[in-house]
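These notes concern the structure reproduced below.
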Amino acid sequence: MINIEKFISTRKRLKISQMALCIDICTQATLSKFEKHQQVPAFDIMIALCEWLGLTLNDVFPINVTARQTNNERVLTLATQALFYQNIGKFEHLIKQVEIDKMVDTERPTYQITQYFSAVILKQDCLKAKQIIKKIDIAGLNKSHKLLFYAITSHYYYQRGQFKEARLTRLLKMFGATKRKVQQ
């Protein structure tokens, strides 16, 4: 679950307007949509905004660890944290520890999203990203996973200079797109 309230309360506590926070990072409209729970900006934007406020990505996108986690859940939680801190080596070490043959249905989306994040954001490997996206059941993702998926996909298109597709991806997210619509 995304903790947008912590983000907003920190910004207000520091008496920083949306306009001031956005300078050299993003548009005020992008920040406004995030604070209204309408879209998640690209990760490079989120990192810059959080750094400006003295927050970490984990403050805004908390990773909850429960006492009854499976080994895969524990490893995926740690791998996700490594991704948010852009520690590729640690992520790759951890992701190799995932027991794919023992993965339960609830773990698969996290595994796929972390792989997709790594391919798009950290490695900028378009071929790997395309392979991963074909396996993701977008309609079956929970709300948090969908937000991450569309934020990563939007970032993917921005990296490639496909600004029209990046905007289309954000629109599809808002209107509950399916996997088929994204691939068209």
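By convention in this document, the chains of the structure tokens carry letters A, B, ... by their order, each chain's residues are numbered from 1, and ligands are numbered from 1 in the order they are shown.
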
Test item: residues at most 12 Å from region 91-99 of chain A, only C-alpha atoms, excluding those fewer than 6 positions along its chain, as a ChimeraX atom specification: /A:70-85,107-108,110-115,117-119,122-123

Need the shell around region 58-63 of chain A: protein/DNA/RNA residues with any atom at most 7 Å away, counting only C-alpha atoms. Skip same-chain ones fewer than 4 positions apart. Format as a ChimeraX atom specification? /A:1-4,6-7,77

List the spatial neighbours of His155 (chain A) as a list in words - criterion: any atom at most 9 Å away, only C-alpha atoms, same-chain residues fewer than 4 positions off excluded.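 Listing them by chain and then by number gives Pro41, Ala42, Phe43, Asp44, Val120, Ile121, Tyr150, Ala151, Gln159, Arg160 and Ala166 of chain A.
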
Export all heavy atoms of the chosen residues as a PDB file, in the first residue's frame?
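Output contents, as saved in result.pdb:
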ATOM      1  N   PRO A  41       4.229   8.798 -10.320  1.00  0.00           N
ATOM      2  CA  PRO A  41       5.239   9.267 -11.270  1.00  0.00           C
ATOM      3  C   PRO A  41       6.311   8.206 -11.510  1.00  0.00           C
ATOM      4  O   PRO A  41       6.433   7.245 -10.745  1.00  0.00           O
ATOM      5  CB  PRO A  41       5.851  10.487 -10.570  1.00  0.00           C
ATOM      6  CG  PRO A  41       4.899  10.868  -9.505  1.00  0.00           C
ATOM      7  CD  PRO A  41       4.183   9.618  -9.115  1.00  0.00           C
ATOM      8  N   ALA A  42       7.105   8.396 -12.525  1.00  0.00           N
ATOM      9  CA  ALA A  42       8.227   7.504 -12.808  1.00  0.00           C
ATOM     10  C   ALA A  42       9.139   7.451 -11.576  1.00  0.00           C
ATOM     11  O   ALA A  42       9.190   8.391 -10.775  1.00  0.00           O
ATOM     12  CB  ALA A  42       8.992   8.003 -14.025  1.00  0.00           C
ATOM     13  N   PHE A  43       9.868   6.357 -11.431  1.00  0.00           N
ATOM     14  CA  PHE A  43      10.667   6.152 -10.235  1.00  0.00           C
ATOM     15  C   PHE A  43      11.775   7.184 -10.074  1.00  0.00           C
ATOM     16  O   PHE A  43      12.082   7.582  -8.948  1.00  0.00           O
ATOM     17  CB  PHE A  43      11.250   4.739 -10.198  1.00  0.00           C
ATOM     18  CG  PHE A  43      10.241   3.728  -9.768  1.00  0.00           C
ATOM     19  CD1 PHE A  43       9.524   3.027 -10.707  1.00  0.00           C
ATOM     20  CD2 PHE A  43       9.968   3.515  -8.440  1.00  0.00           C
ATOM     21  CE1 PHE A  43       8.553   2.114 -10.322  1.00  0.00           C
ATOM     22  CE2 PHE A  43       9.007   2.619  -8.040  1.00  0.00           C
ATOM     23  CZ  PHE A  43       8.294   1.915  -8.990  1.00  0.00           C
ATOM     24  N   ASP A  44      12.379   7.632 -11.165  1.00  0.00           N
ATOM     25  CA  ASP A  44      13.409   8.653 -11.016  1.00  0.00           C
ATOM     26  C   ASP A  44      12.821   9.938 -10.444  1.00  0.00           C
ATOM     27  O   ASP A  44      13.449  10.618  -9.635  1.00  0.00           O
ATOM     28  CB  ASP A  44      14.146   8.908 -12.328  1.00  0.00           C
ATOM     29  CG  ASP A  44      13.232   9.251 -13.501  1.00  0.00           C
ATOM     30  OD1 ASP A  44      12.026   8.927 -13.457  1.00  0.00           O
ATOM     31  OD2 ASP A  44      13.731   9.841 -14.472  1.00  0.00           O
ATOM     32  N   VAL A 120      13.660  -2.766 -16.723  1.00  0.00           N
ATOM     33  CA  VAL A 120      13.358  -1.437 -17.279  1.00  0.00           C
ATOM     34  C   VAL A 120      14.174  -0.341 -16.608  1.00  0.00           C
ATOM     35  O   VAL A 120      14.851   0.436 -17.270  1.00  0.00           O
ATOM     36  CB  VAL A 120      11.849  -1.119 -17.165  1.00  0.00           C
ATOM     37  CG1 VAL A 120      11.556   0.319 -17.568  1.00  0.00           C
ATOM     38  CG2 VAL A 120      11.043  -2.080 -18.025  1.00  0.00           C
ATOM     39  N   ILE A 121      14.115  -0.277 -15.301  1.00  0.00           N
ATOM     40  CA  ILE A 121      14.694   0.860 -14.575  1.00  0.00           C
ATOM     41  C   ILE A 121      16.205   0.726 -14.393  1.00  0.00           C
ATOM     42  O   ILE A 121      16.953   1.662 -14.642  1.00  0.00           O
ATOM     43  CB  ILE A 121      14.031   1.039 -13.190  1.00  0.00           C
ATOM     44  CG1 ILE A 121      12.504   1.117 -13.296  1.00  0.00           C
ATOM     45  CG2 ILE A 121      14.597   2.248 -12.450  1.00  0.00           C
ATOM     46  CD1 ILE A 121      11.947   2.329 -13.953  1.00  0.00           C
ATOM     47  N   TYR A 150       2.261   0.153 -14.185  1.00  0.00           N
ATOM     48  CA  TYR A 150       2.052   1.266 -15.110  1.00  0.00           C
ATOM     49  C   TYR A 150       3.113   2.351 -14.951  1.00  0.00           C
ATOM     50  O   TYR A 150       3.498   2.993 -15.933  1.00  0.00           O
ATOM     51  CB  TYR A 150       0.638   1.831 -14.964  1.00  0.00           C
ATOM     52  CG  TYR A 150      -0.387   0.925 -15.590  1.00  0.00           C
ATOM     53  CD1 TYR A 150      -1.319   0.255 -14.820  1.00  0.00           C
ATOM     54  CD2 TYR A 150      -0.397   0.705 -16.961  1.00  0.00           C
ATOM     55  CE1 TYR A 150      -2.243  -0.602 -15.396  1.00  0.00           C
ATOM     56  CE2 TYR A 150      -1.314  -0.150 -17.544  1.00  0.00           C
ATOM     57  CZ  TYR A 150      -2.234  -0.805 -16.761  1.00  0.00           C
ATOM     58  OH  TYR A 150      -3.143  -1.647 -17.333  1.00  0.00           O
ATOM     59  N   ALA A 151       3.599   2.570 -13.755  1.00  0.00           N
ATOM     60  CA  ALA A 151       4.686   3.539 -13.563  1.00  0.00           C
ATOM     61  C   ALA A 151       5.947   3.053 -14.276  1.00  0.00           C
ATOM     62  O   ALA A 151       6.635   3.833 -14.952  1.00  0.00           O
ATOM     63  CB  ALA A 151       4.960   3.737 -12.071  1.00  0.00           C
ATOM     64  N   GLN A 159      12.012   6.374 -21.513  1.00  0.00           N
ATOM     65  CA  GLN A 159      13.407   6.031 -21.813  1.00  0.00           C
ATOM     66  C   GLN A 159      13.636   5.912 -23.309  1.00  0.00           C
ATOM     67  O   GLN A 159      14.683   6.282 -23.818  1.00  0.00           O
ATOM     68  CB  GLN A 159      13.789   4.683 -21.188  1.00  0.00           C
ATOM     69  CG  GLN A 159      14.115   4.695 -19.743  1.00  0.00           C
ATOM     70  CD  GLN A 159      14.423   3.281 -19.255  1.00  0.00           C
ATOM     71  OE1 GLN A 159      13.824   2.312 -19.687  1.00  0.00           O
ATOM     72  NE2 GLN A 159      15.362   3.183 -18.352  1.00  0.00           N
ATOM     73  N   ARG A 160      12.659   5.366 -23.984  1.00  0.00           N
ATOM     74  CA  ARG A 160      12.790   5.112 -25.421  1.00  0.00           C
ATOM     75  C   ARG A 160      12.375   6.317 -26.256  1.00  0.00           C
ATOM     76  O   ARG A 160      12.399   6.258 -27.475  1.00  0.00           O
ATOM     77  CB  ARG A 160      11.941   3.903 -25.796  1.00  0.00           C
ATOM     78  CG  ARG A 160      12.411   2.662 -25.011  1.00  0.00           C
ATOM     79  CD  ARG A 160      11.789   1.422 -25.482  1.00  0.00           C
ATOM     80  NE  ARG A 160      12.322   1.162 -26.829  1.00  0.00           N
ATOM     81  CZ  ARG A 160      11.789   0.310 -27.672  1.00  0.00           C
ATOM     82  NH1 ARG A 160      10.730  -0.363 -27.335  1.00  0.00           N
ATOM     83  NH2 ARG A 160      12.312   0.128 -28.868  1.00  0.00           N
ATOM     84  N   ALA A 166       3.925   6.715 -23.580  1.00  0.00           N
ATOM     85  CA  ALA A 166       4.024   6.909 -22.127  1.00  0.00           C
ATOM     86  C   ALA A 166       2.758   7.551 -21.595  1.00  0.00           C
ATOM     87  O   ALA A 166       2.215   7.126 -20.572  1.00  0.00           O
ATOM     88  CB  ALA A 166       5.244   7.762 -21.794  1.00  0.00           C
TER      89      ALA A 166
END

Using only C-alpha atoms, which of A:Lys15, A:Lys146, A:Glu165, A:Ser154 sits nearest Ile45 (chain A)? A:Ser154

Backbone DSSP call of helix (DSSP H, G or I) for region 61-98 of chain A, listed as an NGL selection string: :A and (71-84 or 88-95)

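Between Tyr116 (chain A) and the candidates A:Ile16, A:Met103, A:Leu148, A:Ile132, the tightest atom-to-atom separation, counting only C-alpha atoms, involves A:Ile132.
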
Ranking A:Lys33, A:Arg11, A:Lys143, A:Lys102 by minimum distance to Cys50 (chain A) and counting only C-alpha atoms, which one comes first?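 So, comparing all the options, the nearest one is A:Arg11.
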
I'd like the neighbourhood of Cys26 (chain A) as a list in words, where a residue qualifies if any of its atoms comes within 10 Å (using only C-alpha atoms), though same-chain residues fewer than 3 positions away should be ignored. Met19, Leu21, Cys22, Ile23, Ala29, Thr30, Leu31, Pro41, Ala42, Ile45, Met46, Ala48 and Leu49 of chain A

Would you write out those residues with all heavy atoms, as a PDB file, in the first residue's frame?
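Result went into out_32.pdb, see below:
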ATOM      1  N   MET A  19       4.498  23.554  -6.065  1.00  0.00           N
ATOM      2  CA  MET A  19       5.253  24.235  -7.115  1.00  0.00           C
ATOM      3  C   MET A  19       6.755  24.267  -6.781  1.00  0.00           C
ATOM      4  O   MET A  19       7.581  23.977  -7.640  1.00  0.00           O
ATOM      5  CB  MET A  19       4.724  25.658  -7.295  1.00  0.00           C
ATOM      6  CG  MET A  19       5.237  26.319  -8.541  1.00  0.00           C
ATOM      7  SD  MET A  19       4.540  25.565  -9.998  1.00  0.00           S
ATOM      8  CE  MET A  19       3.299  26.748 -10.370  1.00  0.00           C
ATOM      9  N   LEU A  21       8.421  22.244  -4.745  1.00  0.00           N
ATOM     10  CA  LEU A  21       8.968  20.889  -4.724  1.00  0.00           C
ATOM     11  C   LEU A  21       9.258  20.380  -6.129  1.00  0.00           C
ATOM     12  O   LEU A  21      10.208  19.637  -6.350  1.00  0.00           O
ATOM     13  CB  LEU A  21       7.999  19.937  -4.006  1.00  0.00           C
ATOM     14  CG  LEU A  21       8.411  18.475  -3.889  1.00  0.00           C
ATOM     15  CD1 LEU A  21       9.745  18.328  -3.168  1.00  0.00           C
ATOM     16  CD2 LEU A  21       7.331  17.680  -3.165  1.00  0.00           C
ATOM     17  N   CYS A  22       8.483  20.803  -7.081  1.00  0.00           N
ATOM     18  CA  CYS A  22       8.588  20.287  -8.457  1.00  0.00           C
ATOM     19  C   CYS A  22       9.726  20.888  -9.269  1.00  0.00           C
ATOM     20  O   CYS A  22      10.100  20.333 -10.306  1.00  0.00           O
ATOM     21  CB  CYS A  22       7.286  20.533  -9.196  1.00  0.00           C
ATOM     22  SG  CYS A  22       5.921  19.574  -8.542  1.00  0.00           S
ATOM     23  N   ILE A  23      10.287  21.987  -8.827  1.00  0.00           N
ATOM     24  CA  ILE A  23      11.309  22.679  -9.619  1.00  0.00           C
ATOM     25  C   ILE A  23      12.424  21.705 -10.002  1.00  0.00           C
ATOM     26  O   ILE A  23      13.012  21.036  -9.164  1.00  0.00           O
ATOM     27  CB  ILE A  23      11.881  23.893  -8.852  1.00  0.00           C
ATOM     28  CG1 ILE A  23      10.787  24.940  -8.651  1.00  0.00           C
ATOM     29  CG2 ILE A  23      13.080  24.502  -9.582  1.00  0.00           C
ATOM     30  CD1 ILE A  23      11.181  26.103  -7.769  1.00  0.00           C
ATOM     31  N   ALA A  29       1.540  19.427 -12.113  1.00  0.00           N
ATOM     32  CA  ALA A  29       0.404  18.538 -12.401  1.00  0.00           C
ATOM     33  C   ALA A  29       0.740  17.092 -12.047  1.00  0.00           C
ATOM     34  O   ALA A  29      -0.105  16.364 -11.507  1.00  0.00           O
ATOM     35  CB  ALA A  29       0.010  18.647 -13.873  1.00  0.00           C
ATOM     36  N   THR A  30       1.967  16.679 -12.320  1.00  0.00           N
ATOM     37  CA  THR A  30       2.400  15.314 -11.989  1.00  0.00           C
ATOM     38  C   THR A  30       2.325  15.090 -10.481  1.00  0.00           C
ATOM     39  O   THR A  30       1.794  14.082 -10.019  1.00  0.00           O
ATOM     40  CB  THR A  30       3.842  15.065 -12.492  1.00  0.00           C
ATOM     41  OG1 THR A  30       3.847  15.185 -13.912  1.00  0.00           O
ATOM     42  CG2 THR A  30       4.354  13.698 -12.082  1.00  0.00           C
ATOM     43  N   LEU A  31       2.842  16.051  -9.711  1.00  0.00           N
ATOM     44  CA  LEU A  31       2.815  15.926  -8.255  1.00  0.00           C
ATOM     45  C   LEU A  31       1.383  15.966  -7.733  1.00  0.00           C
ATOM     46  O   LEU A  31       1.008  15.181  -6.859  1.00  0.00           O
ATOM     47  CB  LEU A  31       3.647  17.031  -7.599  1.00  0.00           C
ATOM     48  CG  LEU A  31       3.670  17.042  -6.074  1.00  0.00           C
ATOM     49  CD1 LEU A  31       4.192  15.718  -5.511  1.00  0.00           C
ATOM     50  CD2 LEU A  31       4.509  18.195  -5.565  1.00  0.00           C
ATOM     51  N   PRO A  41       4.229   8.798 -10.320  1.00  0.00           N
ATOM     52  CA  PRO A  41       5.239   9.267 -11.270  1.00  0.00           C
ATOM     53  C   PRO A  41       6.311   8.206 -11.510  1.00  0.00           C
ATOM     54  O   PRO A  41       6.433   7.245 -10.745  1.00  0.00           O
ATOM     55  CB  PRO A  41       5.851  10.487 -10.570  1.00  0.00           C
ATOM     56  CG  PRO A  41       4.899  10.868  -9.505  1.00  0.00           C
ATOM     57  CD  PRO A  41       4.183   9.618  -9.115  1.00  0.00           C
ATOM     58  N   ALA A  42       7.105   8.396 -12.525  1.00  0.00           N
ATOM     59  CA  ALA A  42       8.227   7.504 -12.808  1.00  0.00           C
ATOM     60  C   ALA A  42       9.139   7.451 -11.576  1.00  0.00           C
ATOM     61  O   ALA A  42       9.190   8.391 -10.775  1.00  0.00           O
ATOM     62  CB  ALA A  42       8.992   8.003 -14.025  1.00  0.00           C
ATOM     63  N   ILE A  45      11.584  10.241 -10.805  1.00  0.00           N
ATOM     64  CA  ILE A  45      10.897  11.412 -10.247  1.00  0.00           C
ATOM     65  C   ILE A  45      10.588  11.172  -8.777  1.00  0.00           C
ATOM     66  O   ILE A  45      10.825  12.040  -7.930  1.00  0.00           O
ATOM     67  CB  ILE A  45       9.611  11.737 -11.042  1.00  0.00           C
ATOM     68  CG1 ILE A  45       9.980  12.209 -12.447  1.00  0.00           C
ATOM     69  CG2 ILE A  45       8.750  12.763 -10.308  1.00  0.00           C
ATOM     70  CD1 ILE A  45       8.796  12.381 -13.379  1.00  0.00           C
ATOM     71  N   MET A  46      10.078   9.982  -8.443  1.00  0.00           N
ATOM     72  CA  MET A  46       9.759   9.672  -7.043  1.00  0.00           C
ATOM     73  C   MET A  46      11.007   9.740  -6.172  1.00  0.00           C
ATOM     74  O   MET A  46      10.964  10.253  -5.055  1.00  0.00           O
ATOM     75  CB  MET A  46       9.107   8.288  -6.921  1.00  0.00           C
ATOM     76  CG  MET A  46       7.653   8.240  -7.322  1.00  0.00           C
ATOM     77  SD  MET A  46       6.584   9.447  -6.487  1.00  0.00           S
ATOM     78  CE  MET A  46       6.920   9.164  -4.773  1.00  0.00           C
ATOM     79  N   ALA A  48      13.707  11.566  -6.653  1.00  0.00           N
ATOM     80  CA  ALA A  48      14.080  12.975  -6.484  1.00  0.00           C
ATOM     81  C   ALA A  48      13.144  13.694  -5.517  1.00  0.00           C
ATOM     82  O   ALA A  48      13.599  14.453  -4.648  1.00  0.00           O
ATOM     83  CB  ALA A  48      14.097  13.677  -7.841  1.00  0.00           C
ATOM     84  N   LEU A  49      11.830  13.458  -5.644  1.00  0.00           N
ATOM     85  CA  LEU A  49      10.871  14.103  -4.741  1.00  0.00           C
ATOM     86  C   LEU A  49      11.090  13.655  -3.298  1.00  0.00           C
ATOM     87  O   LEU A  49      11.085  14.484  -2.373  1.00  0.00           O
ATOM     88  CB  LEU A  49       9.433  13.785  -5.175  1.00  0.00           C
ATOM     89  CG  LEU A  49       8.964  14.387  -6.504  1.00  0.00           C
ATOM     90  CD1 LEU A  49       7.606  13.813  -6.906  1.00  0.00           C
ATOM     91  CD2 LEU A  49       8.904  15.902  -6.428  1.00  0.00           C
TER      92      LEU A  49
END

Taken to one decimal, the CA of Glu5 (chain A)-CA of Ala20 (chain A) distance is 18.5 Å

Could you check which of A:Thr56, A:Leu168, A:Pro109, A:Gln38 is closest to His145 (chain A), using only C-alpha atoms? A:Pro109
